[in-house]
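Have a look at start-v2.cif below; it lists mmCIF, C-alpha atoms (C1' of nucleotides).
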data_final
loop_
_atom_site.label_atom_id
_atom_site.label_comp_id
_atom_site.auth_asym_id
_atom_site.auth_seq_id
_atom_site.Cartn_x
_atom_site.Cartn_y
_atom_site.Cartn_z
CA MET W 1 78.54 -22.04 -75.85
CA ALA W 2 77.90 -18.71 -74.21
CA VAL W 3 75.21 -16.56 -75.71
CA ALA W 4 76.44 -16.23 -79.26
CA ALA W 5 73.96 -15.81 -82.07
CA SER W 6 73.31 -18.98 -84.03
CA ALA W 7 75.76 -18.22 -86.83
CA VAL W 8 74.07 -20.68 -89.18
CA PRO W 9 72.74 -18.86 -92.23
CA SER W 10 71.69 -22.05 -93.98
CA GLU W 11 71.01 -21.02 -97.56
CA PRO W 12 71.24 -24.22 -99.63
CA ARG W 13 71.06 -22.09 -102.77
CA ASP W 14 73.27 -23.62 -105.42
CA PRO W 15 73.88 -27.32 -104.83
CA GLN W 16 76.81 -27.20 -107.26
CA ARG W 17 78.72 -24.60 -105.35
CA ILE W 18 81.99 -25.43 -103.71
CA TYR W 19 83.40 -23.77 -100.65
CA SER W 20 86.88 -23.07 -99.39
CA ILE W 21 87.80 -23.88 -95.84
CA ALA W 22 88.10 -20.20 -94.97
CA GLU W 23 84.67 -19.54 -96.39
CA LEU W 24 83.03 -22.17 -94.25
CA ALA W 25 85.03 -21.07 -91.24
CA ARG W 26 83.72 -17.53 -91.62
CA GLU W 27 80.18 -18.61 -92.26
CA PHE W 28 79.97 -20.86 -89.22
CA ALA W 29 82.14 -18.67 -87.01
CA ILE W 30 84.74 -21.33 -86.31
CA THR W 31 88.40 -21.59 -87.28
CA ALA W 32 89.79 -23.51 -90.23
CA ARG W 33 91.80 -25.48 -87.74
CA THR W 34 88.57 -26.72 -86.22
CA ILE W 35 87.29 -27.90 -89.57
CA ARG W 36 90.51 -29.77 -90.27
CA PHE W 37 90.29 -31.26 -86.82
CA TYR W 38 86.80 -32.56 -87.59
CA GLU W 39 88.24 -34.13 -90.71
CA ASP W 40 90.97 -35.83 -88.69
CA GLU W 41 88.22 -37.20 -86.48
CA GLY W 42 86.40 -38.54 -89.50
CA LEU W 43 83.42 -36.21 -89.37
CA ILE W 44 83.84 -34.71 -92.84
CA LYS W 45 85.68 -35.82 -95.92
CA PRO W 46 85.99 -33.03 -98.47
CA ARG W 47 87.42 -33.66 -101.92
CA ARG W 48 90.94 -32.56 -102.63
CA GLN W 49 92.41 -30.62 -105.45
CA GLY W 50 96.02 -31.47 -104.86
CA LEU W 51 96.28 -30.55 -101.24
CA THR W 52 93.57 -27.93 -100.94
CA ARG W 53 90.24 -29.05 -99.60
CA LEU W 54 87.08 -28.42 -101.57
CA TYR W 55 83.78 -28.56 -99.72
CA SER W 56 80.53 -29.41 -101.44
CA ALA W 57 77.08 -28.22 -100.45
CA GLY W 58 76.65 -31.57 -98.75
CA ASP W 59 79.81 -31.07 -96.75
CA ARG W 60 78.54 -27.68 -95.72
CA THR W 61 75.22 -29.11 -94.57
CA ARG W 62 77.08 -31.79 -92.72
CA LEU W 63 79.19 -29.22 -90.95
CA GLY W 64 76.09 -27.34 -89.90
CA TRP W 65 74.70 -30.55 -88.52
CA ILE W 66 77.84 -31.18 -86.53
CA LEU W 67 77.76 -27.75 -84.96
CA ARG W 68 74.11 -28.07 -84.07
CA GLY W 69 74.90 -31.33 -82.35
CA LYS W 70 77.65 -29.59 -80.44
CA ARG W 71 75.32 -26.85 -79.29
CA LEU W 72 73.11 -29.58 -77.92
CA GLY W 73 75.96 -30.94 -75.85
CA PHE W 74 76.81 -34.04 -77.86
CA SER W 75 80.45 -35.10 -78.01
CA LEU W 76 82.18 -35.37 -81.35
CA ALA W 77 82.26 -39.13 -80.95
CA GLU W 78 78.48 -39.19 -80.52
CA ILE W 79 78.01 -36.88 -83.47
CA LYS W 80 80.14 -39.15 -85.57
CA GLU W 81 77.98 -42.09 -84.54
CA LEU W 82 74.87 -40.21 -85.55
CA LEU W 83 76.29 -39.16 -88.88
CA ASP W 84 77.54 -42.66 -89.63
CA LEU W 85 74.08 -43.92 -88.84
CA TYR W 86 72.89 -42.45 -92.11
CA HIS W 87 75.62 -43.92 -94.20
CA VAL W 88 75.83 -47.50 -93.10
CA ASP W 89 74.97 -50.32 -95.38
CA ARG W 90 71.19 -50.40 -95.50
CA THR W 91 70.83 -53.55 -97.51
CA GLY W 92 70.63 -56.09 -94.71
CA VAL W 93 67.59 -56.45 -92.50
CA GLN W 94 69.86 -56.73 -89.49
CA GLN W 95 71.46 -53.43 -90.38
CA LEU W 96 68.08 -51.81 -90.71
CA ARG W 97 66.89 -53.13 -87.38
CA GLU W 98 70.02 -51.88 -85.69
CA LEU W 99 69.62 -48.51 -87.32
CA LEU W 100 66.03 -48.33 -86.12
CA ARG W 101 67.00 -49.32 -82.61
CA ARG W 102 69.77 -46.75 -82.36
CA SER W 103 67.60 -44.11 -83.90
CA ARG W 104 64.94 -44.72 -81.27
CA LEU W 105 67.46 -44.55 -78.47
CA HIS W 106 68.66 -41.21 -79.71
CA ILE W 107 65.14 -39.92 -79.95
CA GLN W 108 64.63 -40.88 -76.32
CA ASP W 109 67.81 -39.09 -75.42
CA LEU W 110 66.71 -35.99 -77.27
CA GLU W 111 63.32 -36.05 -75.62
CA GLN W 112 64.97 -36.20 -72.21
CA LYS W 113 66.99 -33.19 -73.21
CA ARG W 114 63.86 -31.40 -74.21
CA ARG W 115 62.29 -32.01 -70.83
CA ASP W 116 65.42 -30.68 -69.15
CA LEU W 117 65.38 -27.71 -71.41
CA ASP W 118 61.73 -26.89 -70.84
CA ALA W 119 62.25 -27.03 -67.09
CA HIS W 120 65.22 -24.72 -67.38
CA ILE W 121 63.37 -22.25 -69.57
CA GLU W 122 60.43 -22.17 -67.22
CA GLU W 123 62.62 -21.36 -64.24
CA PHE W 124 64.32 -18.54 -66.05
CA ARG W 125 61.05 -17.10 -67.23
CA ASP W 126 59.96 -17.04 -63.59
CA VAL W 127 63.12 -15.18 -62.66
CA GLU W 128 62.54 -12.69 -65.42
CA ILE W 129 58.94 -12.04 -64.43
CA GLN W 130 59.71 -11.63 -60.77
CA VAL W 131 62.67 -9.38 -61.30
CA ALA W 132 60.81 -7.29 -63.83
CA GLY W 133 57.98 -6.90 -61.34
CA GLU W 134 60.38 -5.89 -58.62
CA LEU W 135 61.93 -3.27 -60.85
CA LYS W 136 58.55 -1.89 -61.81
CA LYS W 137 57.60 -1.50 -58.18
CA ARG W 138 60.67 0.59 -57.71
CA GLY W 139 59.76 2.75 -60.66
CA ALA W 140 62.78 1.88 -62.75
CA GLU W 141 62.83 1.06 -66.42
CA THR W 142 62.87 -2.63 -67.20
CA GLY W 143 64.97 -2.38 -70.31
CA ASN W 144 62.06 -2.60 -72.74
CA ASP W 145 61.93 0.01 -75.49
CA MET H 1 75.89 -37.92 -72.09
CA ALA H 2 75.11 -41.08 -73.99
CA VAL H 3 71.64 -42.47 -73.62
CA ALA H 4 71.42 -42.94 -69.88
CA ALA H 5 68.10 -42.66 -68.11
CA SER H 6 67.58 -39.39 -66.27
CA ALA H 7 68.68 -40.65 -62.87
CA VAL H 8 67.00 -37.79 -61.06
CA PRO H 9 64.35 -39.11 -58.67
CA SER H 10 63.54 -35.69 -57.26
CA GLU H 11 61.51 -36.37 -54.14
CA PRO H 12 61.79 -33.23 -51.99
CA ARG H 13 60.10 -35.10 -49.15
CA ASP H 14 61.59 -33.94 -45.86
CA PRO H 15 63.20 -30.51 -46.13
CA GLN H 16 65.05 -31.15 -42.89
CA ARG H 17 66.82 -34.21 -44.09
CA ILE H 18 70.55 -34.26 -44.50
CA TYR H 19 72.43 -36.37 -46.98
CA SER H 20 75.87 -37.94 -47.03
CA ILE H 21 78.09 -37.56 -50.03
CA ALA H 22 77.75 -41.26 -50.89
CA GLU H 23 73.98 -41.00 -50.70
CA LEU H 24 73.82 -38.15 -53.19
CA ALA H 25 76.38 -39.87 -55.37
CA ARG H 26 74.20 -42.97 -55.58
CA GLU H 27 71.01 -41.05 -56.12
CA PHE H 28 72.36 -38.97 -58.98
CA ALA H 29 74.56 -41.71 -60.39
CA ILE H 30 77.79 -39.77 -60.11
CA THR H 31 80.89 -40.34 -57.99
CA ALA H 32 81.70 -38.65 -54.69
CA ARG H 33 84.78 -37.32 -56.41
CA THR H 34 82.59 -35.43 -58.81
CA ILE H 35 80.62 -33.83 -55.99
CA ARG H 36 83.79 -32.74 -54.25
CA PHE H 37 85.04 -31.38 -57.52
CA TYR H 38 81.92 -29.28 -57.89
CA GLU H 39 82.61 -27.95 -54.42
CA ASP H 40 86.16 -27.03 -55.40
CA GLU H 41 84.69 -25.15 -58.32
CA GLY H 42 82.37 -23.26 -56.01
CA LEU H 43 79.13 -24.83 -57.20
CA ILE H 44 78.02 -26.24 -53.82
CA LYS H 45 78.97 -25.43 -50.27
CA PRO H 46 77.75 -28.11 -47.85
CA ARG H 47 78.03 -27.64 -44.09
CA ARG H 48 80.73 -29.50 -42.29
CA GLN H 49 80.67 -31.58 -39.17
CA GLY H 50 84.35 -31.64 -38.48
CA LEU H 51 85.57 -32.80 -41.85
CA THR H 52 82.59 -34.70 -43.13
CA ARG H 53 80.29 -32.90 -45.48
CA LEU H 54 76.60 -32.67 -44.71
CA TYR H 55 74.24 -31.86 -47.56
CA SER H 56 70.89 -30.18 -47.01
CA ALA H 57 67.78 -30.59 -49.14
CA GLY H 58 68.75 -27.31 -50.76
CA ASP H 59 72.19 -28.63 -51.63
CA ARG H 60 70.55 -31.67 -53.12
CA THR H 61 68.23 -29.56 -55.27
CA ARG H 62 71.19 -27.47 -56.32
CA LEU H 63 73.08 -30.57 -57.36
CA GLY H 64 70.16 -31.71 -59.45
CA TRP H 65 70.11 -28.34 -61.10
CA ILE H 66 73.79 -28.55 -61.90
CA LEU H 67 73.43 -31.95 -63.52
CA ARG H 68 70.49 -30.84 -65.57
CA GLY H 69 72.56 -27.92 -66.81
CA LYS H 70 75.28 -30.35 -67.77
CA ARG H 71 72.89 -32.54 -69.71
CA LEU H 72 71.98 -29.43 -71.64
CA GLY H 73 75.59 -28.86 -72.58
CA PHE H 74 76.44 -25.97 -70.32
CA SER H 75 79.96 -25.80 -68.93
CA LEU H 76 80.50 -25.80 -65.20
CA ALA H 77 81.60 -22.18 -65.41
CA GLU H 78 78.33 -21.25 -67.07
CA ILE H 79 76.35 -23.21 -64.55
CA LYS H 80 78.12 -21.41 -61.76
CA GLU H 81 77.20 -18.11 -63.35
CA LEU H 82 73.58 -19.12 -63.52
CA LEU H 83 73.51 -20.34 -59.95
CA ASP H 84 75.22 -17.20 -58.70
CA LEU H 85 72.62 -15.19 -60.54
CA TYR H 86 70.08 -16.19 -57.93
CA HIS H 87 72.22 -15.30 -54.99
CA VAL H 88 73.61 -11.91 -55.83
CA ASP H 89 72.67 -8.87 -53.84
CA ARG H 90 69.20 -7.93 -55.02
CA THR H 91 68.92 -4.68 -53.10
CA GLY H 92 70.27 -2.28 -55.71
CA VAL H 93 68.32 -1.34 -58.82
CA GLN H 94 71.48 -1.71 -60.87
CA GLN H 95 71.88 -5.27 -59.63
CA LEU H 96 68.30 -6.03 -60.51
CA ARG H 97 68.64 -4.62 -63.99
CA GLU H 98 71.78 -6.61 -64.58
CA LEU H 99 70.08 -9.74 -63.31
CA LEU H 100 67.17 -9.14 -65.64
CA ARG H 101 69.45 -8.55 -68.58
CA ARG H 102 71.49 -11.68 -68.01
CA SER H 103 68.40 -13.71 -67.38
CA ARG H 104 66.99 -12.62 -70.71
CA LEU H 105 70.19 -13.49 -72.50
CA HIS H 106 70.11 -16.94 -71.05
CA ILE H 107 66.51 -17.40 -72.05
CA GLN H 108 67.48 -16.51 -75.61
CA ASP H 109 70.27 -19.03 -75.43
CA LEU H 110 67.91 -21.69 -74.18
CA GLU H 111 65.39 -20.93 -76.89
CA GLN H 112 68.09 -21.32 -79.52
CA LYS H 113 68.89 -24.68 -78.03
CA ARG H 114 65.27 -25.60 -78.20
CA ARG H 115 65.13 -24.82 -81.89
CA ASP H 116 68.25 -26.92 -82.44
CA LEU H 117 66.72 -29.71 -80.48
CA ASP H 118 63.41 -29.66 -82.30
CA ALA H 119 65.19 -29.79 -85.64
CA HIS H 120 67.26 -32.72 -84.46
CA ILE H 121 64.27 -34.60 -83.15
CA GLU H 122 62.37 -34.09 -86.35
CA GLU H 123 65.16 -35.49 -88.45
CA PHE H 124 65.46 -38.56 -86.31
CA ARG H 125 61.75 -39.16 -86.38
CA ASP H 126 61.99 -39.09 -90.14
CA VAL H 127 64.74 -41.67 -90.03
CA GLU H 128 62.69 -43.84 -87.74
CA ILE H 129 59.60 -43.66 -89.91
CA GLN H 130 61.45 -44.39 -93.13
CA VAL H 131 63.45 -47.24 -91.71
CA ALA H 132 60.43 -48.74 -90.04
CA GLY H 133 58.61 -48.56 -93.37
CA GLU H 134 61.47 -50.19 -95.16
CA LEU H 135 61.52 -53.01 -92.65
CA LYS H 136 57.81 -53.51 -92.97
CA LYS H 137 58.07 -53.81 -96.72
CA ARG H 138 60.56 -56.57 -96.22
CA GLY H 139 58.24 -58.37 -93.88
CA ALA H 140 60.48 -58.20 -90.81
CA GLU H 141 59.44 -57.29 -87.33
CA THR H 142 60.01 -53.66 -86.43
CA GLY H 143 60.80 -54.26 -82.83
CA ASN H 144 57.38 -53.26 -81.54
CA ASP H 145 55.64 -55.70 -79.19
"C1'" DA C 1 111.42 -13.58 -110.63
"C1'" DC C 2 109.30 -11.93 -106.62
"C1'" DC C 3 105.70 -11.07 -103.36
"C1'" DC C 4 101.58 -12.11 -100.97
"C1'" DA C 5 97.56 -14.24 -99.34
"C1'" DC C 6 96.01 -18.43 -98.26
"C1'" DA C 7 96.66 -23.37 -97.82
"C1'" DT C 8 98.87 -27.54 -95.69
"C1'" DT C 9 100.91 -30.74 -92.08
"C1'" DG C 10 102.94 -31.83 -87.71
"C1'" DA C 11 103.94 -30.82 -82.95
"C1'" DC C 12 103.05 -29.02 -78.82
"C1'" DG C 13 100.14 -26.27 -75.46
"C1'" DT C 14 95.70 -25.46 -73.04
"C1'" DT C 15 91.27 -25.84 -70.80
"C1'" DT C 16 87.62 -28.62 -68.89
"C1'" DA C 17 85.93 -32.20 -66.12
"C1'" DC C 18 86.77 -35.28 -63.83
"C1'" DG C 19 89.55 -40.36 -62.55
"C1'" DT C 20 92.89 -42.58 -59.86
"C1'" DA C 21 95.86 -43.71 -56.51
"C1'" DA C 22 98.23 -42.79 -51.94
"C1'" DA C 23 97.97 -42.11 -47.26
"C1'" DC C 24 95.31 -41.25 -43.55
"C1'" DG C 25 91.18 -40.56 -39.76
"C1'" DT C 26 86.75 -42.50 -37.58
"C1'" DC C 27 83.49 -45.38 -35.96
"C1'" DA C 28 80.71 -49.60 -35.38
"C1'" DA C 29 81.05 -54.52 -35.52
"C1'" DC C 30 83.11 -58.77 -34.65
"C1'" DG E 1 92.15 -54.83 -31.62
"C1'" DT E 2 91.71 -55.32 -36.10
"C1'" DT E 3 88.77 -55.44 -39.97
"C1'" DG E 4 85.76 -53.02 -43.04
"C1'" DA E 5 82.93 -49.36 -44.65
"C1'" DC E 6 83.00 -44.80 -45.24
"C1'" DG E 7 85.04 -40.38 -44.94
"C1'" DT E 8 89.03 -37.01 -45.71
"C1'" DT E 9 93.11 -34.36 -48.33
"C1'" DT E 10 96.89 -33.85 -51.65
"C1'" DA E 11 98.54 -34.73 -55.92
"C1'" DC E 12 99.16 -36.38 -60.30
"C1'" DG E 13 96.93 -38.34 -64.69
"C1'" DT E 14 93.90 -38.16 -68.67
"C1'" DA E 15 90.58 -37.70 -72.63
"C1'" DA E 16 88.32 -34.35 -75.44
"C1'" DA E 17 88.41 -30.40 -78.26
"C1'" DC E 18 90.51 -27.48 -79.96
"C1'" DG E 19 94.40 -23.16 -80.23
"C1'" DT E 20 98.92 -21.85 -81.48
"C1'" DC E 21 103.10 -21.79 -83.51
"C1'" DA E 22 106.53 -23.26 -87.13
"C1'" DA E 23 107.94 -24.78 -91.42
"C1'" DT E 24 106.56 -25.32 -95.92
"C1'" DG E 25 103.81 -25.36 -100.32
"C1'" DT E 26 100.98 -23.01 -104.12
"C1'" DG E 27 98.59 -20.17 -107.20
"C1'" DG E 28 97.96 -15.49 -108.83
"C1'" DG E 29 99.22 -10.73 -109.83
"C1'" DT E 30 102.92 -7.28 -111.30
#
Just give me the structure as structure tokens.
Amino acid sequence: MAVAASAVPSEPRDPQRIYSIAELAREFAITARTIRFYEDEGLIKPRRQGLTRLYSAGDRTRLGWILRGKRLGFSLAEIKELLDLYHVDRTGVQQLRELLRRSRLHIQDLEQKRRDLDAHIEEFRDVEIQVAGELKKRGAETGND
Amino acid sequence: MAVAASAVPSEPRDPQRIYSIAELAREFAITARTIRFYEDEGLIKPRRQGLTRLYSAGDRTRLGWILRGKRLGFSLAEIKELLDLYHVDRTGVQQLRELLRRSRLHIQDLEQKRRDLDAHIEEFRDVEIQVAGELKKRGAETGND
DNA sequence: ACCCACATTGACGTTTACGTAAACGTCAAC
DNA sequence: GTTGACGTTTACGTAAACGTCAATGTGGGT
């Protein structure tokens, strides 16, 4: 969660491509163990060739989605909910209405997060400006090139 | 983390006021245990009258800050770092430069989060629009009044 | 046939963020 | 003078999200 770069080089390129677990682990800067754990939790379901897992482009996208959700502070259970939301039976009107309702709730949640985030960013910008000003007064370099 | 309303009725009102632990717990919709836990972790340091804790308006603000950080997915350790950032010795130029550097890193982090969040929101809006459209086609109510 | 890199499945350990008693003090109200 | 609301500390428990072995399998080069 610290200050790591957003290791998400989303290049959808070839939709036919398949990925090994190690490949995805490298790409997203997580361990293979983590990916298997997500599978145990029902977040991804790669095909199998015997025992080895084969990940499709869709699986890869899905994984990216999961990690983005994590960066936003959602629990795996919540992320699973959100992912399942897309794949429920959409035939019934009741299902659709429920989907709409849940979707709206999540949007509200996200918008609350955005307000929190904007407030946070503003405060830190203030800190930066003030500290930079203080440093300038003292004739020191600010760190800009 | 679910979909709870942002129980943060920040009314700075009287800066002299003191708050009991139960009062703050109610106001922020957390338990007293949680507040004491934050104290154990060094996130707040209320005065004491004998054994009982007395919280100032500043402590209250600080608590609000902590909870906002949590909603954004920061760990308590990270939040402590951020809070400490404000209260380090600002006399030395080295300290100021370090503060500026860290502050900038955190701003970058927050901006990454904002990009994640915007992407998430957009996707969910799409879901909402499509599902609402689908419902309309079928002649059902969308849930709007 | 042998090695090696990479894969798999448990099983257990760890950190974080609290919850949950247990056992007690304090003060106003009845 | 005890009941009840609120406060305290100490201590153990727990769910989530993985990490870390350990034992084993598997496909490809040489």
Just want the 9 Å neighbourhood of Arg17 in chain W, counted on all atoms listed in the file, with same-chain residues fewer than 3 positions away dropped. Output as a PDB file with C-alpha atoms, keeping the file's coordinate frame.
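Heads up, here's the output in result-v4.pdb:
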ATOM      1  CA  ARG W  13      71.060 -22.090-102.770  1.00  0.00           C
ATOM      2  CA  ASP W  14      73.270 -23.620-105.420  1.00  0.00           C
ATOM      3  CA  TYR W  55      83.780 -28.560 -99.720  1.00  0.00           C
ATOM      4  CA  SER W  56      80.530 -29.410-101.440  1.00  0.00           C
ATOM      5  CA  ALA W  57      77.080 -28.220-100.450  1.00  0.00           C
TER       6      ALA W  57
END
Best match for closeness to DG27 in chain E among W:Gly50, W:Arg36, W:Arg104, W:Ile18, counting all atoms listed in the file: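 Ranking W:Gly50, W:Arg36, W:Arg104, W:Ile18 by distance to DG27 in chain E, first place goes to W:Gly50.
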Distance of C1' of DA7 in chain C from CA of Arg47 in chain W, expressed in Å to one decimal place: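 About the pair CA of Arg47 in chain W and C1' of DA7 in chain C: they are 14.4 Å apart.
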Evaluate the PyMOL selection byres ((chain H and resi 62) around 12) here and jot the selected residues down as a CSV table (one decimal) with C-alpha atoms, in the coordinates of the input.
chain,number,residue,atom,x,y,z
H,10,SER,CA,63.5,-35.7,-57.3
H,12,PRO,CA,61.8,-33.2,-52.0
H,24,LEU,CA,73.8,-38.2,-53.2
H,28,PHE,CA,72.4,-39.0,-59.0
H,35,ILE,CA,80.6,-33.8,-56.0
H,38,TYR,CA,81.9,-29.3,-57.9
H,39,GLU,CA,82.6,-28.0,-54.4
H,42,GLY,CA,82.4,-23.3,-56.0
H,43,LEU,CA,79.1,-24.8,-57.2
H,44,ILE,CA,78.0,-26.2,-53.8
H,45,LYS,CA,79.0,-25.4,-50.3
H,46,PRO,CA,77.8,-28.1,-47.8
H,55,TYR,CA,74.2,-31.9,-47.6
H,56,SER,CA,70.9,-30.2,-47.0
H,57,ALA,CA,67.8,-30.6,-49.1
H,58,GLY,CA,68.8,-27.3,-50.8
H,59,ASP,CA,72.2,-28.6,-51.6
H,60,ARG,CA,70.6,-31.7,-53.1
H,61,THR,CA,68.2,-29.6,-55.3
H,63,LEU,CA,73.1,-30.6,-57.4
H,64,GLY,CA,70.2,-31.7,-59.4
H,65,TRP,CA,70.1,-28.3,-61.1
H,66,ILE,CA,73.8,-28.6,-61.9
H,67,LEU,CA,73.4,-32.0,-63.5
H,68,ARG,CA,70.5,-30.8,-65.6
H,69,GLY,CA,72.6,-27.9,-66.8
H,79,ILE,CA,76.4,-23.2,-64.6
H,80,LYS,CA,78.1,-21.4,-61.8
H,82,LEU,CA,73.6,-19.1,-63.5
H,83,LEU,CA,73.5,-20.3,-60.0
H,84,ASP,CA,75.2,-17.2,-58.7
H,86,TYR,CA,70.1,-16.2,-57.9
Interface list for chain H, partner chain E, 10 Å threshold, all atoms listed in the file, as a list of chain:residue names: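 That gives the following set of residues: H:Ser20, H:Ile21, H:Ala22, H:Leu51, H:Thr52, H:Arg53.
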State, in Å with one decimal place, the distance from CA of Asp109 in chain W to CA of Phe74 in chain H.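 Spanning CA of Asp109 in chain W to CA of Phe74 in chain H is a straight-line distance of 16.5 Å.
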Test item: chain H residues at most 9 Å from chain C, counting all atoms listed in the file, as a ChimeraX atom specification: /H:33-34,37,75-76
Atomic distance CA of Ala132 in chain H - CA of Ala119 in chain H, expressed in Å with one decimal: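 That distance, rounded to one decimal, is 20.0 Å.
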Missing atoms in range 20-39 of chain H need filling: write out N, CA and C atoms for it as a PDB file, in the frame of the given file.
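Okay, selection.pdb is ready:
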ATOM      1  N   SER H  20      74.418 -37.715 -46.960  1.00  0.00           N
ATOM      2  CA  SER H  20      75.870 -37.940 -47.030  1.00  0.00           C
ATOM      3  C   SER H  20      76.291 -37.813 -48.484  1.00  0.00           C
ATOM      4  N   ILE H  21      77.574 -37.714 -48.668  1.00  0.00           N
ATOM      5  CA  ILE H  21      78.090 -37.560 -50.030  1.00  0.00           C
ATOM      6  C   ILE H  21      77.840 -38.827 -50.856  1.00  0.00           C
ATOM      7  N   ALA H  22      77.965 -39.990 -50.190  1.00  0.00           N
ATOM      8  CA  ALA H  22      77.750 -41.260 -50.890  1.00  0.00           C
ATOM      9  C   ALA H  22      76.291 -41.404 -51.309  1.00  0.00           C
ATOM     10  N   GLU H  23      75.411 -40.924 -50.441  1.00  0.00           N
ATOM     11  CA  GLU H  23      73.980 -41.000 -50.700  1.00  0.00           C
ATOM     12  C   GLU H  23      73.625 -40.213 -51.971  1.00  0.00           C
ATOM     13  N   LEU H  24      74.095 -38.995 -52.018  1.00  0.00           N
ATOM     14  CA  LEU H  24      73.820 -38.150 -53.190  1.00  0.00           C
ATOM     15  C   LEU H  24      74.475 -38.739 -54.432  1.00  0.00           C
ATOM     16  N   ALA H  25      75.673 -39.274 -54.239  1.00  0.00           N
ATOM     17  CA  ALA H  25      76.380 -39.870 -55.370  1.00  0.00           C
ATOM     18  C   ALA H  25      75.542 -41.005 -55.971  1.00  0.00           C
ATOM     19  N   ARG H  26      75.034 -41.865 -55.102  1.00  0.00           N
ATOM     20  CA  ARG H  26      74.200 -42.970 -55.580  1.00  0.00           C
ATOM     21  C   ARG H  26      72.962 -42.445 -56.281  1.00  0.00           C
ATOM     22  N   GLU H  27      72.278 -41.547 -55.598  1.00  0.00           N
ATOM     23  CA  GLU H  27      71.010 -41.050 -56.120  1.00  0.00           C
ATOM     24  C   GLU H  27      71.141 -40.425 -57.500  1.00  0.00           C
ATOM     25  N   PHE H  28      72.210 -39.662 -57.701  1.00  0.00           N
ATOM     26  CA  PHE H  28      72.360 -38.970 -58.980  1.00  0.00           C
ATOM     27  C   PHE H  28      73.284 -39.709 -59.942  1.00  0.00           C
ATOM     28  N   ALA H  29      73.722 -40.882 -59.512  1.00  0.00           N
ATOM     29  CA  ALA H  29      74.560 -41.710 -60.390  1.00  0.00           C
ATOM     30  C   ALA H  29      75.841 -40.999 -60.817  1.00  0.00           C
ATOM     31  N   ILE H  30      76.480 -40.361 -59.879  1.00  0.00           N
ATOM     32  CA  ILE H  30      77.790 -39.770 -60.110  1.00  0.00           C
ATOM     33  C   ILE H  30      78.707 -40.240 -58.977  1.00  0.00           C
ATOM     34  N   THR H  31      79.984 -39.925 -59.049  1.00  0.00           N
ATOM     35  CA  THR H  31      80.890 -40.340 -57.990  1.00  0.00           C
ATOM     36  C   THR H  31      81.017 -39.237 -56.938  1.00  0.00           C
ATOM     37  N   ALA H  32      81.461 -39.630 -55.749  1.00  0.00           N
ATOM     38  CA  ALA H  32      81.700 -38.650 -54.690  1.00  0.00           C
ATOM     39  C   ALA H  32      82.774 -37.657 -55.147  1.00  0.00           C
ATOM     40  N   ARG H  33      83.725 -38.172 -55.874  1.00  0.00           N
ATOM     41  CA  ARG H  33      84.780 -37.320 -56.410  1.00  0.00           C
ATOM     42  C   ARG H  33      84.209 -36.158 -57.206  1.00  0.00           C
ATOM     43  N   THR H  34      83.230 -36.452 -57.994  1.00  0.00           N
ATOM     44  CA  THR H  34      82.590 -35.430 -58.810  1.00  0.00           C
ATOM     45  C   THR H  34      81.954 -34.350 -57.934  1.00  0.00           C
ATOM     46  N   ILE H  35      81.283 -34.786 -56.882  1.00  0.00           N
ATOM     47  CA  ILE H  35      80.620 -33.830 -55.990  1.00  0.00           C
ATOM     48  C   ILE H  35      81.646 -32.932 -55.303  1.00  0.00           C
ATOM     49  N   ARG H  36      82.734 -33.541 -54.875  1.00  0.00           N
ATOM     50  CA  ARG H  36      83.790 -32.740 -54.250  1.00  0.00           C
ATOM     51  C   ARG H  36      84.389 -31.768 -55.259  1.00  0.00           C
ATOM     52  N   PHE H  37      84.508 -32.249 -56.462  1.00  0.00           N
ATOM     53  CA  PHE H  37      85.040 -31.380 -57.520  1.00  0.00           C
ATOM     54  C   PHE H  37      84.132 -30.170 -57.728  1.00  0.00           C
ATOM     55  N   TYR H  38      82.860 -30.383 -57.746  1.00  0.00           N
ATOM     56  CA  TYR H  38      81.920 -29.280 -57.890  1.00  0.00           C
ATOM     57  C   TYR H  38      82.088 -28.294 -56.734  1.00  0.00           C
ATOM     58  N   GLU H  39      82.384 -28.828 -55.565  1.00  0.00           N
ATOM     59  CA  GLU H  39      82.610 -27.950 -54.420  1.00  0.00           C
ATOM     60  C   GLU H  39      83.869 -27.110 -54.635  1.00  0.00           C
TER      61      GLU H  39
END
